[in-house]
Amino acid sequence: EVTIATIGVFTLPKTSALAIDIGDRVYWDDTAKVVNKTASGNTLVGVAVSTAVNPSGTVDVRLNGSF
């Protein structure tokens, strides 16, 4: 049995040396197991709903990808 969320806001790990602004699309890097802003080779998971400075380890993301 597994509980899965596909919508909502969650705090996700991010590339530490990356600044993310509110409204930025974020993508899941399955190799590094973090979100970043690089579309190529990664999967769109949502939009940032908080600002995350460089360096920081997390960002709040709305998972459904609506902007």
# chains A, B, ... in the order shown; residues from 1 in each chain; ligands from 1
call {"tool": "residues_around", "arguments": {"residues": "segment 31-44 of chain A", "least_positions_apart": "2", "cutoff": "8 Å", "atoms": "only C-alpha atoms", "output": "list in words"}}
result
Leu12, Pro13, Lys14, Thr15, Leu18, Ile20, Asp24, Arg25, Val26, Tyr27, Trp28, Asp29, Gly46 and Gly65 of chain A
call {"tool": "residues_around", "arguments": {"residues": "Gly8 of chain A", "least_positions_apart": "4", "cutoff": "12 Å", "atoms": "only C-alpha atoms", "output": "number ranges by chain"}}
result
A: 4, 45-49, 60-66
call {"tool": "residues_around", "arguments": {"residues": "Thr51 of chain A", "least_positions_apart": "5", "cutoff": "9 Å", "atoms": "only C-alpha atoms", "output": "ChimeraX atom specification"}}
result
/A:19-23,59-60
call {"tool": "write_last_selection", "arguments": {"atoms": "all heavy atoms", "output": "compact mmCIF listing (two decimals), in the first residue's frame"}}
result
# COMPACT_ATOMS: atom_id res chain seq x y z
N ALA A 19 19.53 29.61 -7.61
CA ALA A 19 18.46 30.48 -7.11
C ALA A 19 17.20 30.18 -7.90
O ALA A 19 17.23 30.03 -9.12
CB ALA A 19 18.84 31.94 -7.27
N ILE A 20 16.08 30.04 -7.19
CA ILE A 20 14.78 29.80 -7.82
C ILE A 20 13.82 30.87 -7.34
O ILE A 20 13.76 31.15 -6.14
CB ILE A 20 14.25 28.39 -7.48
CG1 ILE A 20 15.18 27.31 -8.04
CG2 ILE A 20 12.83 28.20 -8.02
CD1 ILE A 20 14.79 25.89 -7.70
N ASP A 21 13.09 31.47 -8.27
CA ASP A 21 12.13 32.53 -7.93
C ASP A 21 10.70 31.99 -7.98
O ASP A 21 10.42 31.00 -8.67
CB ASP A 21 12.25 33.69 -8.91
CG ASP A 21 13.57 34.43 -8.77
OD1 ASP A 21 14.01 34.65 -7.63
OD2 ASP A 21 14.18 34.77 -9.81
N ILE A 22 9.80 32.69 -7.30
CA ILE A 22 8.39 32.34 -7.36
C ILE A 22 7.94 32.37 -8.82
O ILE A 22 8.24 33.31 -9.55
CB ILE A 22 7.55 33.32 -6.52
CG1 ILE A 22 7.90 33.17 -5.04
CG2 ILE A 22 6.06 33.10 -6.74
CD1 ILE A 22 7.28 34.23 -4.14
N GLY A 23 7.25 31.33 -9.24
CA GLY A 23 6.77 31.23 -10.61
C GLY A 23 7.67 30.48 -11.55
O GLY A 23 7.25 30.14 -12.67
N VAL A 59 13.04 24.05 -1.83
CA VAL A 59 12.13 25.04 -2.39
C VAL A 59 10.71 24.48 -2.29
O VAL A 59 10.52 23.27 -2.38
CB VAL A 59 12.50 25.40 -3.85
CG1 VAL A 59 12.35 24.21 -4.78
CG2 VAL A 59 11.69 26.59 -4.34
N ASP A 60 9.73 25.36 -2.09
CA ASP A 60 8.33 24.93 -2.05
C ASP A 60 7.79 24.92 -3.46
O ASP A 60 7.90 25.89 -4.21
CB ASP A 60 7.50 25.90 -1.19
CG ASP A 60 7.94 25.86 0.27
OD1 ASP A 60 8.39 24.81 0.74
OD2 ASP A 60 7.82 26.91 0.94
call {"tool": "atom_distance", "arguments": {"atom1": "atom CA of Ala17 of chain A", "atom2": "atom CA of Ala5 of chain A"}}
result
27.3 Å
call {"tool": "select_by_dssp", "arguments": {"residues": "chain A", "states": "strand (DSSP E)", "output": "list in words"}}
result
Val9, Phe10, Thr11, Leu12, Pro13, Arg25, Val26, Tyr27, Trp28, Asp29, Val34, Val35, Asn36, Thr43, Leu44, Val45, Gly46, Val47, Ala48, Thr58, Val59, Asp60, Val61 and Arg62 of chain A
